[in-house]
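Coordinates as given in work.cif (mmCIF, C-alpha atoms and all ligand atoms):
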```cif
data_my_file
loop_
_atom_site.group_PDB
_atom_site.id
_atom_site.type_symbol
_atom_site.label_atom_id
_atom_site.label_comp_id
_atom_site.auth_asym_id
_atom_site.auth_seq_id
_atom_site.Cartn_x
_atom_site.Cartn_y
_atom_site.Cartn_z
ATOM 1 C CA MET A 1 -19.155 -4.692 -11.452
ATOM 2 C CA LEU A 2 -18.057 -1.930 -9.062
ATOM 3 C CA LYS A 3 -19.733 1.422 -9.433
ATOM 4 C CA VAL A 4 -18.957 4.465 -7.337
ATOM 5 C CA SER A 5 -21.332 7.341 -7.987
ATOM 6 C CA SER A 6 -20.997 10.923 -6.707
ATOM 7 C CA LEU A 7 -19.494 9.734 -3.441
ATOM 8 C CA SER A 8 -18.700 12.478 -0.925
ATOM 9 C CA LYS A 9 -17.584 12.546 2.698
ATOM 10 C CA THR A 10 -16.802 15.504 4.944
ATOM 11 C CA PHE A 11 -15.295 15.159 8.410
ATOM 12 C CA ALA A 12 -15.999 17.808 11.021
ATOM 13 C CA LEU A 13 -12.998 18.719 13.123
ATOM 14 C CA GLU A 14 -12.545 21.420 15.773
ATOM 15 C CA GLN A 15 -10.408 23.399 13.308
ATOM 16 C CA GLY A 16 -13.047 23.164 10.592
ATOM 17 C CA GLU A 17 -14.283 20.702 8.021
ATOM 18 C CA ILE A 18 -12.263 18.377 5.813
ATOM 19 C CA ARG A 19 -13.838 17.347 2.548
ATOM 20 C CA ALA A 20 -12.077 13.986 2.366
ATOM 21 C CA VAL A 21 -13.932 12.750 -0.742
ATOM 22 C CA ASP A 22 -15.654 15.147 -3.072
ATOM 23 C CA ASP A 23 -18.134 13.934 -5.683
ATOM 24 C CA LEU A 24 -16.131 10.896 -6.755
ATOM 25 C CA SER A 25 -17.413 8.618 -9.523
ATOM 26 C CA PHE A 26 -15.843 5.682 -11.341
ATOM 27 C CA GLN A 27 -16.828 2.294 -12.657
ATOM 28 C CA ILE A 28 -14.787 -0.895 -12.961
ATOM 29 C CA ASP A 29 -15.756 -3.711 -15.290
ATOM 30 C CA PRO A 30 -15.014 -7.427 -14.913
ATOM 31 C CA GLY A 31 -11.375 -8.243 -15.683
ATOM 32 C CA GLU A 32 -10.297 -4.626 -15.224
ATOM 33 C CA VAL A 33 -7.659 -3.345 -12.810
ATOM 34 C CA PHE A 34 -8.243 0.225 -11.630
ATOM 35 C CA GLY A 35 -5.564 2.214 -9.812
ATOM 36 C CA LEU A 36 -7.039 4.586 -7.229
ATOM 37 C CA LEU A 37 -4.047 6.809 -6.682
ATOM 38 C CA GLY A 38 -3.218 9.959 -4.806
ATOM 39 C CA PRO A 39 -0.752 11.542 -2.402
ATOM 40 C CA ASN A 40 -1.154 11.269 1.381
ATOM 41 C CA GLY A 41 -4.536 12.539 2.507
ATOM 42 C CA ALA A 42 -6.042 12.438 -0.998
ATOM 43 C CA GLY A 43 -9.068 10.418 0.149
ATOM 44 C CA LYS A 44 -8.195 6.872 -0.974
ATOM 45 C CA THR A 45 -8.768 5.169 2.385
ATOM 46 C CA THR A 46 -11.975 7.100 2.996
ATOM 47 C CA THR A 47 -13.222 5.942 -0.419
ATOM 48 C CA MET A 48 -12.288 2.325 0.327
ATOM 49 C CA ARG A 49 -14.029 2.517 3.695
ATOM 50 C CA MET A 50 -17.227 3.736 2.040
ATOM 51 C CA VAL A 51 -17.036 1.018 -0.633
ATOM 52 C CA LEU A 52 -16.554 -1.569 2.114
ATOM 53 C CA GLY A 53 -19.591 -0.216 3.960
ATOM 54 C CA LEU A 54 -17.529 0.795 7.013
ATOM 55 C CA LEU A 55 -18.315 4.487 6.636
ATOM 56 C CA GLU A 56 -21.551 6.089 5.548
ATOM 57 C CA PRO A 57 -21.205 8.538 2.646
ATOM 58 C CA ASP A 58 -22.748 12.016 2.908
ATOM 59 C CA THR A 59 -23.888 11.715 -0.693
ATOM 60 C CA GLY A 60 -23.649 9.163 -3.465
ATOM 61 C CA TYR A 61 -23.300 5.415 -3.292
ATOM 62 C CA ALA A 62 -21.063 2.439 -3.982
ATOM 63 C CA GLU A 63 -22.589 -0.517 -5.787
ATOM 64 C CA VAL A 64 -20.820 -3.877 -5.653
ATOM 65 C CA ASP A 65 -21.934 -6.357 -8.280
ATOM 66 C CA GLY A 66 -25.394 -4.753 -8.323
ATOM 67 C CA VAL A 67 -25.735 -4.351 -4.531
ATOM 68 C CA ARG A 68 -25.492 -0.921 -2.911
ATOM 69 C CA THR A 69 -23.432 -1.057 0.285
ATOM 70 C CA ALA A 70 -25.848 1.264 2.078
ATOM 71 C CA ASP A 71 -28.879 -0.901 1.169
ATOM 72 C CA ASP A 72 -27.443 -4.316 2.048
ATOM 73 C CA PRO A 73 -23.997 -4.024 3.651
ATOM 74 C CA ILE A 74 -23.689 -7.732 4.437
ATOM 75 C CA GLU A 75 -24.524 -8.853 0.908
ATOM 76 C CA ALA A 76 -22.205 -6.180 -0.539
ATOM 77 C CA LYS A 77 -19.362 -7.317 1.765
ATOM 78 C CA SER A 78 -19.816 -10.922 0.650
ATOM 79 C CA ARG A 79 -19.119 -9.753 -2.921
ATOM 80 C CA LEU A 80 -15.910 -7.964 -1.943
ATOM 81 C CA GLY A 81 -12.459 -9.292 -1.161
ATOM 82 C CA PHE A 82 -10.153 -6.955 0.734
ATOM 83 C CA VAL A 83 -6.405 -7.328 1.052
ATOM 84 C CA SER A 84 -4.345 -4.779 2.949
ATOM 85 C CA ALA A 85 -0.618 -4.588 3.641
ATOM 86 C CA SER A 86 -1.471 -4.165 7.310
ATOM 87 C CA ASP A 87 -3.644 -7.304 7.470
ATOM 88 C CA GLY A 88 -2.802 -9.427 10.457
ATOM 89 C CA VAL A 89 -3.008 -13.181 10.832
ATOM 90 C CA TYR A 90 -4.319 -15.120 13.807
ATOM 91 C CA PRO A 91 -0.981 -16.226 15.238
ATOM 92 C CA TRP A 92 -2.172 -19.300 17.143
ATOM 93 C CA LEU A 93 -4.178 -20.826 14.310
ATOM 94 C CA SER A 94 -2.583 -22.861 11.568
ATOM 95 C CA VAL A 95 -2.849 -21.276 8.139
ATOM 96 C CA ARG A 96 -5.382 -23.912 7.104
ATOM 97 C CA GLU A 97 -7.497 -23.322 10.225
ATOM 98 C CA MET A 98 -7.457 -19.588 9.629
ATOM 99 C CA LEU A 99 -8.529 -19.976 5.995
ATOM 100 C CA ILE A 100 -11.352 -22.332 6.996
ATOM 101 C CA TYR A 101 -12.398 -19.867 9.682
ATOM 102 C CA PHE A 102 -12.622 -17.030 7.134
ATOM 103 C CA ALA A 103 -14.464 -19.231 4.647
ATOM 104 C CA ASP A 104 -16.958 -20.012 7.403
ATOM 105 C CA LEU A 105 -17.418 -16.294 8.170
ATOM 106 C CA TYR A 106 -18.460 -15.895 4.542
ATOM 107 C CA ALA A 107 -20.749 -18.942 4.817
ATOM 108 C CA VAL A 108 -18.713 -20.982 2.320
ATOM 109 C CA ASP A 109 -19.538 -24.669 2.655
ATOM 110 C CA LEU A 110 -16.659 -26.659 4.267
ATOM 111 C CA THR A 111 -16.094 -29.012 1.327
ATOM 112 C CA LEU A 112 -16.005 -26.110 -1.094
ATOM 113 C CA ALA A 113 -13.707 -24.186 1.269
ATOM 114 C CA GLN A 114 -11.265 -27.113 1.394
ATOM 115 C CA GLN A 115 -11.291 -27.361 -2.385
ATOM 116 C CA ARG A 116 -10.660 -23.609 -2.718
ATOM 117 C CA ILE A 117 -7.841 -23.766 -0.174
ATOM 118 C CA GLU A 118 -6.133 -26.477 -2.248
ATOM 119 C CA GLU A 119 -6.523 -24.544 -5.523
ATOM 120 C CA LEU A 120 -5.528 -21.149 -4.145
ATOM 121 C CA SER A 121 -2.641 -22.606 -2.111
ATOM 122 C CA ALA A 122 -1.233 -24.175 -5.255
ATOM 123 C CA MET A 123 -1.579 -20.881 -7.109
ATOM 124 C CA MET A 124 0.096 -18.859 -4.351
ATOM 125 C CA GLN A 125 2.563 -21.625 -3.447
ATOM 126 C CA ILE A 126 1.607 -21.826 0.189
ATOM 127 C CA GLN A 127 0.943 -25.589 0.429
ATOM 128 C CA PRO A 128 4.022 -26.135 2.671
ATOM 129 C CA LEU A 129 2.697 -23.445 5.016
ATOM 130 C CA LEU A 130 -0.855 -24.750 5.461
ATOM 131 C CA ASP A 131 -0.187 -26.636 8.682
ATOM 132 C CA ARG A 132 2.192 -24.100 10.205
ATOM 133 C CA ARG A 133 1.097 -21.688 12.896
ATOM 134 C CA ALA A 134 0.334 -18.357 11.190
ATOM 135 C CA GLY A 135 2.375 -16.463 13.807
ATOM 136 C CA THR A 136 5.591 -18.089 12.579
ATOM 137 C CA LEU A 137 5.344 -16.807 8.992
ATOM 138 C CA SER A 138 7.677 -14.252 7.418
ATOM 139 C CA THR A 139 6.243 -11.003 5.991
ATOM 140 C CA GLY A 140 6.219 -12.384 2.435
ATOM 141 C CA GLN A 141 4.642 -15.685 3.494
ATOM 142 C CA ARG A 142 2.010 -13.844 5.524
ATOM 143 C CA GLN A 143 1.211 -11.671 2.539
ATOM 144 C CA ARG A 144 0.670 -14.730 0.329
ATOM 145 C CA VAL A 145 -1.680 -16.169 2.951
ATOM 146 C CA THR A 146 -3.682 -12.928 3.128
ATOM 147 C CA LEU A 147 -3.962 -12.936 -0.685
ATOM 148 C CA VAL A 148 -5.458 -16.424 -0.519
ATOM 149 C CA ARG A 149 -7.718 -15.331 2.332
ATOM 150 C CA GLY A 150 -9.051 -12.410 0.247
ATOM 151 C CA LEU A 151 -10.242 -14.830 -2.430
ATOM 152 C CA ILE A 152 -11.587 -17.590 -0.213
ATOM 153 C CA HIS A 153 -15.236 -16.635 -0.850
ATOM 154 C CA ASP A 154 -14.594 -16.059 -4.573
ATOM 155 C CA PRO A 155 -15.782 -12.419 -4.589
ATOM 156 C CA PRO A 156 -16.310 -10.679 -7.952
ATOM 157 C CA VAL A 157 -14.678 -7.445 -6.704
ATOM 158 C CA MET A 158 -11.248 -7.213 -5.051
ATOM 159 C CA LEU A 159 -9.828 -4.208 -3.189
ATOM 160 C CA LEU A 160 -6.066 -4.225 -2.670
ATOM 161 C CA ASP A 161 -4.644 -1.600 -0.326
ATOM 162 C CA GLU A 162 -0.886 -1.040 -0.690
ATOM 163 C CA PRO A 163 -0.447 -4.691 -1.666
ATOM 164 C CA THR A 164 3.330 -4.506 -2.215
ATOM 165 C CA ARG A 165 4.264 -2.599 0.954
ATOM 166 C CA GLY A 166 7.138 -4.235 2.812
ATOM 167 C CA LEU A 167 7.728 -6.938 0.200
ATOM 168 C CA ASP A 168 10.981 -7.870 -1.498
ATOM 169 C CA VAL A 169 11.319 -8.227 -5.248
ATOM 170 C CA VAL A 170 9.958 -11.794 -5.253
ATOM 171 C CA GLY A 171 7.036 -10.717 -3.063
ATOM 172 C CA VAL A 172 6.254 -7.850 -5.432
ATOM 173 C CA GLN A 173 6.327 -10.223 -8.390
ATOM 174 C CA THR A 174 3.908 -12.509 -6.512
ATOM 175 C CA ILE A 175 1.481 -9.588 -6.250
ATOM 176 C CA PHE A 176 1.854 -8.874 -9.952
ATOM 177 C CA ASP A 177 1.094 -12.525 -10.783
ATOM 178 C CA TYR A 178 -1.853 -12.500 -8.374
ATOM 179 C CA ILE A 179 -3.344 -9.412 -10.010
ATOM 180 C CA ASP A 180 -2.869 -10.967 -13.462
ATOM 181 C CA HIS A 181 -4.692 -14.005 -12.181
ATOM 182 C CA LEU A 182 -7.540 -11.845 -10.847
ATOM 183 C CA ARG A 183 -7.797 -10.221 -14.252
ATOM 184 C CA GLN A 184 -8.021 -13.635 -15.936
ATOM 185 C CA LEU A 185 -10.686 -14.696 -13.455
ATOM 186 C CA GLY A 186 -12.715 -11.653 -14.537
ATOM 187 C CA LYS A 187 -12.592 -9.896 -11.169
ATOM 188 C CA ALA A 188 -12.995 -6.142 -10.971
ATOM 189 C CA VAL A 189 -9.913 -4.979 -9.072
ATOM 190 C CA VAL A 190 -9.117 -1.733 -7.258
ATOM 191 C CA VAL A 191 -5.499 -1.135 -6.308
ATOM 192 C CA CYS A 192 -4.534 1.694 -3.953
ATOM 193 C CA THR A 193 -0.825 2.358 -3.896
ATOM 194 C CA HIS A 194 1.810 5.059 -3.558
ATOM 195 C CA ARG A 195 4.100 3.100 -5.881
ATOM 196 C CA LEU A 196 3.280 4.951 -9.089
ATOM 197 C CA ASP A 197 5.823 2.996 -11.156
ATOM 198 C CA GLU A 198 4.155 -0.267 -10.119
ATOM 199 C CA ALA A 199 0.685 1.138 -10.698
ATOM 200 C CA GLU A 200 1.657 2.097 -14.221
ATOM 201 C CA ARG A 201 2.636 -1.505 -14.985
ATOM 202 C CA LEU A 202 -0.264 -3.087 -13.120
ATOM 203 C CA CYS A 203 -3.392 -1.109 -13.848
ATOM 204 C CA ASP A 204 -5.557 -0.768 -16.933
ATOM 205 C CA ARG A 205 -7.147 2.517 -15.851
ATOM 206 C CA PHE A 206 -6.542 5.133 -13.203
ATOM 207 C CA GLY A 207 -8.345 7.631 -11.023
ATOM 208 C CA LEU A 208 -5.983 10.312 -9.738
ATOM 209 C CA LEU A 209 -7.240 11.821 -6.509
ATOM 210 C CA HIS A 210 -6.056 15.008 -4.922
ATOM 211 C CA GLN A 211 -7.692 16.683 -1.914
ATOM 212 C CA GLY A 212 -10.706 14.417 -2.300
ATOM 213 C CA ARG A 213 -11.347 15.237 -5.953
ATOM 214 C CA GLN A 214 -10.660 13.126 -8.988
ATOM 215 C CA LYS A 215 -8.320 15.339 -10.995
ATOM 216 C CA HIS A 216 -7.717 12.930 -13.888
ATOM 217 C CA SER A 217 -9.072 9.563 -14.919
ATOM 218 C CA GLY A 218 -8.529 7.182 -17.786
ATOM 219 C CA THR A 219 -6.018 4.809 -19.313
ATOM 220 C CA MET A 220 -2.328 5.693 -19.343
ATOM 221 C CA GLU A 221 -2.686 6.761 -22.975
ATOM 222 C CA GLU A 222 -5.645 9.014 -22.116
ATOM 223 C CA LEU A 223 -3.778 10.533 -19.172
ATOM 224 C CA ARG A 224 -0.739 11.167 -21.375
ATOM 225 C CA SER A 225 -2.744 12.973 -24.011
ATOM 226 C CA GLU A 226 -4.718 14.951 -21.386
ATOM 227 C CA THR A 227 -1.682 16.103 -19.389
ATOM 228 C CA GLY A 228 1.162 15.985 -21.908
ATOM 229 C CA ARG A 229 3.129 13.938 -19.349
ATOM 230 C CA GLN A 230 4.561 10.460 -19.900
ATOM 231 C CA HIS A 231 4.444 9.068 -16.373
ATOM 232 C CA LEU A 232 2.139 9.161 -13.374
ATOM 233 C CA VAL A 233 4.874 10.552 -11.176
ATOM 234 C CA ASP A 234 5.180 13.644 -13.434
ATOM 235 C CA ILE A 235 1.405 14.124 -13.448
ATOM 236 C CA PHE A 236 1.414 14.043 -9.638
ATOM 237 C CA VAL A 237 4.314 16.458 -9.362
ATOM 238 C CA ASP A 238 2.316 18.898 -11.519
ATOM 239 C CA LEU A 239 -0.770 18.483 -9.321
ATOM 240 C CA LEU A 240 1.197 19.137 -6.125
ATOM 241 C CA ARG A 241 2.992 22.090 -7.705
ATOM 242 C CA ASP A 242 -0.359 23.617 -8.774
ATOM 243 C CA GLU A 243 -1.625 23.185 -5.206
ATOM 244 C CA ARG A 244 1.453 24.949 -3.742
ATOM 245 C CA SER A 245 1.139 27.899 -6.127
ATOM 246 C CA SER A 246 -2.588 28.292 -5.427
ATOM 247 C CA ASP A 247 -1.897 28.130 -1.634
ATOM 248 C CA LEU A 248 0.731 30.825 -2.072
ATOM 249 C CA LEU A 249 -1.647 32.962 -4.111
ATOM 250 C CA GLN A 250 -4.336 32.644 -1.422
ATOM 251 C CA LYS A 251 -1.844 33.660 1.284
ATOM 252 C CA GLN A 252 -0.720 36.673 -0.735
ATOM 253 C CA GLU A 253 -4.334 37.718 -1.346
ATOM 254 C CA SER A 254 -5.157 37.511 2.369
ATOM 255 C CA ILE A 255 -2.190 39.733 3.368
HETATM 256 N N1 LIG B 301 -12.018 9.751 10.785
HETATM 257 C C1 LIG B 301 -11.544 10.902 10.324
HETATM 258 N N2 LIG B 301 -11.762 12.040 10.983
HETATM 259 C C2 LIG B 301 -11.289 13.221 10.521
HETATM 260 N N3 LIG B 301 -10.577 13.360 9.385
HETATM 261 C C3 LIG B 301 -10.325 12.252 8.691
HETATM 262 C C4 LIG B 301 -10.779 10.963 9.105
HETATM 263 N N4 LIG B 301 -10.373 10.033 8.198
HETATM 264 C C5 LIG B 301 -9.680 10.711 7.260
HETATM 265 N N5 LIG B 301 -9.657 12.032 7.557
HETATM 266 C C6 LIG B 301 -9.041 13.101 6.744
HETATM 267 O O1 LIG B 301 -9.557 12.974 5.417
HETATM 268 C C7 LIG B 301 -8.530 13.218 4.467
HETATM 269 C C8 LIG B 301 -8.393 11.997 3.553
HETATM 270 O O2 LIG B 301 -7.855 10.943 4.328
HETATM 271 P P1 LIG B 301 -7.604 9.472 3.731
HETATM 272 O O3 LIG B 301 -7.113 8.631 4.867
HETATM 273 O O4 LIG B 301 -8.803 9.028 3.012
HETATM 274 O O5 LIG B 301 -6.427 9.758 2.685
HETATM 275 P P2 LIG B 301 -5.478 8.713 1.923
HETATM 276 O O6 LIG B 301 -5.518 9.112 0.489
HETATM 277 O O7 LIG B 301 -5.871 7.321 2.244
HETATM 278 O O8 LIG B 301 -4.075 9.062 2.545
HETATM 279 P P3 LIG B 301 -2.780 8.111 2.815
HETATM 280 O O9 LIG B 301 -2.170 7.857 1.478
HETATM 281 O O10 LIG B 301 -1.913 9.009 3.665
HETATM 282 O O11 LIG B 301 -3.241 6.891 3.532
HETATM 283 C C9 LIG B 301 -7.272 13.547 5.259
HETATM 284 O O12 LIG B 301 -7.165 14.948 5.349
HETATM 285 C C10 LIG B 301 -7.536 12.936 6.628
HETATM 286 O O13 LIG B 301 -6.850 13.634 7.641
#
```

Is it possible to give me this structure as structure tokens?
Amino acid sequence: MLKVSSLSKTFALEQGEIRAVDDLSFQIDPGEVFGLLGPNGAGKTTTMRMVLGLLEPDTGYAEVDGVRTADDPIEAKSRLGFVSASDGVYPWLSVREMLIYFADLYAVDLTLAQQRIEELSAMMQIQPLLDRRAGTLSTGQRQRVTLVRGLIHDPPVMLLDEPTRGLDVVGVQTIFDYIDHLRQLGKAVVVCTHRLDEAERLCDRFGLLHQGRQKHSGTMEELRSETGRQHLVDIFVDLLRDERSSDLLQKQESI
């Protein structure tokens, strides 16, 4: 459903080059939730941008439901839903108007859009908000609206970027329920998050990125047997520790 194959991206800076994503491959099947995880600067956003067709890869490709983003970016985008913690709303539109506007951008027929708005609003409990101006919503309410917006064109693949950031315990639970629902609908889901405890509960499989490279991948059980560690947080601490000792070694060698 979503296939990422040998994806690489290097940025040229005055100080030198940064290999932001280095030969990254993974595949996500329908009904599967994949955690793309990594510390700051690991390459998660760069990967998402390439999957979304916003950034051209140096090598490799992303294929969304059979369509390569580089070959047909518009068709690939129509098969993707994207929800980010930093998503804004159009403050002067009502929630309903905004959802209809987004449905129209994705060429969803108006009658179908209205039907979807009713169904998704019931699921995410935003019916009382539909005729309120989006600018008056609280953070949690806005997040529920953006979750509905991400599904308005019924895409087979969903990308969720830091979906629980800034949410209280009820908001976090809403995200958990939403992701469960996506799984039941047979969507292929990518979740990027720094909340490793949440990722452990939410995701079926993981790709652990560090400095652009996928250091480990697999189910929690597979990661445990590969690393001898019980939890993602311990696996990450090991990765960062290894990096510090190899930096130190390099410095010592260059003295
Ligand atoms: N447009 C750009 N120009 C130059 N360097 C960039 C650019 N975008 C990202 N980078 C660099 O590429 C590396 C990976 O960045 P990226 O934003 O993908 O990481 P991330 O895993 O999303 O990090 P975070 O968790 O902090 O959001 C970083 O070193 C970053 O500074």

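Considering the residues A:Val95, A:Ile117, A:Met220, A:Leu159 and counting only C-alpha atoms, A:Val83 has its shortest atom-to-atom contact with A:Leu159.
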
Exercise. Residues within 12 Å of ligand LIG 301 (chain B), counting all atoms listed in the file: report them as number ranges by chain.
Key: A: 8-22, 36-50, 54-56, 84-86, 161-162, 192-195, 207-214

Quiz item: At what distance in Å, to one decimal, does atom CA of A:Ile152 lie from atom CA of A:Met124?
Solution: 12.5 Å

Can you turn the PyMOL selection byres (((chain A and resi 151) around 9) and not hetatm) into a concrete residue list for this file, as a PDB file with C-alpha atoms, in the frame of the given file?
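Once written, expr-v9.pdb looks like this:
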```
ATOM      1  CA  LEU A  80     -15.910  -7.964  -1.943  1.00  0.00           C
ATOM      2  CA  GLY A  81     -12.459  -9.292  -1.161  1.00  0.00           C
ATOM      3  CA  PHE A  82     -10.153  -6.955   0.734  1.00  0.00           C
ATOM      4  CA  ARG A 116     -10.660 -23.609  -2.718  1.00  0.00           C
ATOM      5  CA  LEU A 120      -5.528 -21.149  -4.145  1.00  0.00           C
ATOM      6  CA  THR A 146      -3.682 -12.928   3.128  1.00  0.00           C
ATOM      7  CA  LEU A 147      -3.962 -12.936  -0.685  1.00  0.00           C
ATOM      8  CA  VAL A 148      -5.458 -16.424  -0.519  1.00  0.00           C
ATOM      9  CA  ARG A 149      -7.718 -15.331   2.332  1.00  0.00           C
ATOM     10  CA  GLY A 150      -9.051 -12.410   0.247  1.00  0.00           C
ATOM     11  CA  ILE A 152     -11.587 -17.590  -0.213  1.00  0.00           C
ATOM     12  CA  HIS A 153     -15.236 -16.635  -0.850  1.00  0.00           C
ATOM     13  CA  ASP A 154     -14.594 -16.059  -4.573  1.00  0.00           C
ATOM     14  CA  PRO A 155     -15.782 -12.419  -4.589  1.00  0.00           C
ATOM     15  CA  MET A 158     -11.248  -7.213  -5.051  1.00  0.00           C
TER      16      MET A 158
END
```

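Between A:Glu221 and the residues A:Ala188, A:Asp234, A:Ile179, A:Glu200, the shortest atom-to-atom distance, using only C-alpha atoms, involves A:Glu200.
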
Quiz prompt | Selection near A:Val233, 8 Å with all atoms listed in the file, sequence-local residues under 2 positions removed, as an NGL selection string | solution = :A and (196-197 or 231 or 235-237)

Quiz item: Quick one: residues within 12 Å of A:Glu222, only C-alpha atoms counted, chain neighbours fewer than 2 positions away excluded, as a PyMOL selection string?
Solution: chain A and resi 204-207+216-220+224-232

Residues from last step as file, C-alpha atoms, as a short mmCIF file (atom, residue, chain, number, x, y, z; two decimals), keeping the file's coordinate frame:
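Contents of part10.cif, freshly written:
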```
data_model
loop_
_atom_site.label_atom_id
_atom_site.label_comp_id
_atom_site.auth_asym_id
_atom_site.auth_seq_id
_atom_site.Cartn_x
_atom_site.Cartn_y
_atom_site.Cartn_z
CA ASP A 204 -5.56 -0.77 -16.93
CA ARG A 205 -7.15 2.52 -15.85
CA PHE A 206 -6.54 5.13 -13.20
CA GLY A 207 -8.35 7.63 -11.02
CA HIS A 216 -7.72 12.93 -13.89
CA SER A 217 -9.07 9.56 -14.92
CA GLY A 218 -8.53 7.18 -17.79
CA THR A 219 -6.02 4.81 -19.31
CA MET A 220 -2.33 5.69 -19.34
CA ARG A 224 -0.74 11.17 -21.38
CA SER A 225 -2.74 12.97 -24.01
CA GLU A 226 -4.72 14.95 -21.39
CA THR A 227 -1.68 16.10 -19.39
CA GLY A 228 1.16 15.98 -21.91
CA ARG A 229 3.13 13.94 -19.35
CA GLN A 230 4.56 10.46 -19.90
CA HIS A 231 4.44 9.07 -16.37
CA LEU A 232 2.14 9.16 -13.37
#
```

Quiz item: Got a sec: who's within 9 Å of A:Ser25, counting only C-alpha atoms, leaving out chain neighbours fewer than 5 positions off, as a ChimeraX atom specification?
Solution: /A:3-7,60,214

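With distances taken over all atoms listed in the file, A:Leu137 is the one residue among A:Val64, A:Leu137, A:Leu110, A:Leu160 lying closest to A:Val89.
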
Quiz item: Got a sec: who's within 12 Å of A:Leu167, counting all atoms listed in the file, leaving out chain neighbours fewer than 2 positions off, as a ChimeraX atom specification?
Solution: /A:85-86,138-144,162-165,169-176

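Residue nearest A:Arg132 within the list A:Ala199, A:Ala103, A:Met1, A:Met98: A:Met98 [criterion: smallest interatomic distance, only C-alpha atoms].
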
With the file shown as input, list the residues that the PyMOL selection byres (((chain A and resi 94) around 10) and not hetatm) selects, as a PDB file with C-alpha atoms, in the coordinates of the input.
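Result went into part06.pdb, see below:
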```
ATOM      1  CA  VAL A  89      -3.008 -13.181  10.832  1.00  0.00           C
ATOM      2  CA  TYR A  90      -4.319 -15.120  13.807  1.00  0.00           C
ATOM      3  CA  PRO A  91      -0.981 -16.226  15.238  1.00  0.00           C
ATOM      4  CA  TRP A  92      -2.172 -19.300  17.143  1.00  0.00           C
ATOM      5  CA  LEU A  93      -4.178 -20.826  14.310  1.00  0.00           C
ATOM      6  CA  VAL A  95      -2.849 -21.276   8.139  1.00  0.00           C
ATOM      7  CA  ARG A  96      -5.382 -23.912   7.104  1.00  0.00           C
ATOM      8  CA  GLU A  97      -7.497 -23.322  10.225  1.00  0.00           C
ATOM      9  CA  MET A  98      -7.457 -19.588   9.629  1.00  0.00           C
ATOM     10  CA  LEU A  99      -8.529 -19.976   5.995  1.00  0.00           C
ATOM     11  CA  ILE A 100     -11.352 -22.332   6.996  1.00  0.00           C
ATOM     12  CA  LEU A 129       2.697 -23.445   5.016  1.00  0.00           C
ATOM     13  CA  LEU A 130      -0.855 -24.750   5.461  1.00  0.00           C
ATOM     14  CA  ASP A 131      -0.187 -26.636   8.682  1.00  0.00           C
ATOM     15  CA  ARG A 132       2.192 -24.100  10.205  1.00  0.00           C
ATOM     16  CA  ARG A 133       1.097 -21.688  12.896  1.00  0.00           C
ATOM     17  CA  ALA A 134       0.334 -18.357  11.190  1.00  0.00           C
ATOM     18  CA  GLY A 135       2.375 -16.463  13.807  1.00  0.00           C
ATOM     19  CA  THR A 136       5.591 -18.089  12.579  1.00  0.00           C
TER      20      THR A 136
END
```

Selection under test: the PyMOL selection byres (((chain A and resi 65) around 8) and not hetatm); residues as a tab-separated table (two decimals) with C-alpha atoms, in the frame of the given file:
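File written: part_34.tsv
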```tsv
chain	number	residue	atom	x	y	z
A	1	MET	CA	-19.16	-4.69	-11.45
A	2	LEU	CA	-18.06	-1.93	-9.06
A	63	GLU	CA	-22.59	-0.52	-5.79
A	64	VAL	CA	-20.82	-3.88	-5.65
A	66	GLY	CA	-25.39	-4.75	-8.32
A	67	VAL	CA	-25.74	-4.35	-4.53
A	76	ALA	CA	-22.20	-6.18	-0.54
A	79	ARG	CA	-19.12	-9.75	-2.92
A	156	PRO	CA	-16.31	-10.68	-7.95
A	157	VAL	CA	-14.68	-7.44	-6.70
```

Practice problem: Mind giving me the straight-line distance from atom CA of A:Asp180 to atom CA of A:Val145 in Å, one decimal? | Solution: 17.3 Å
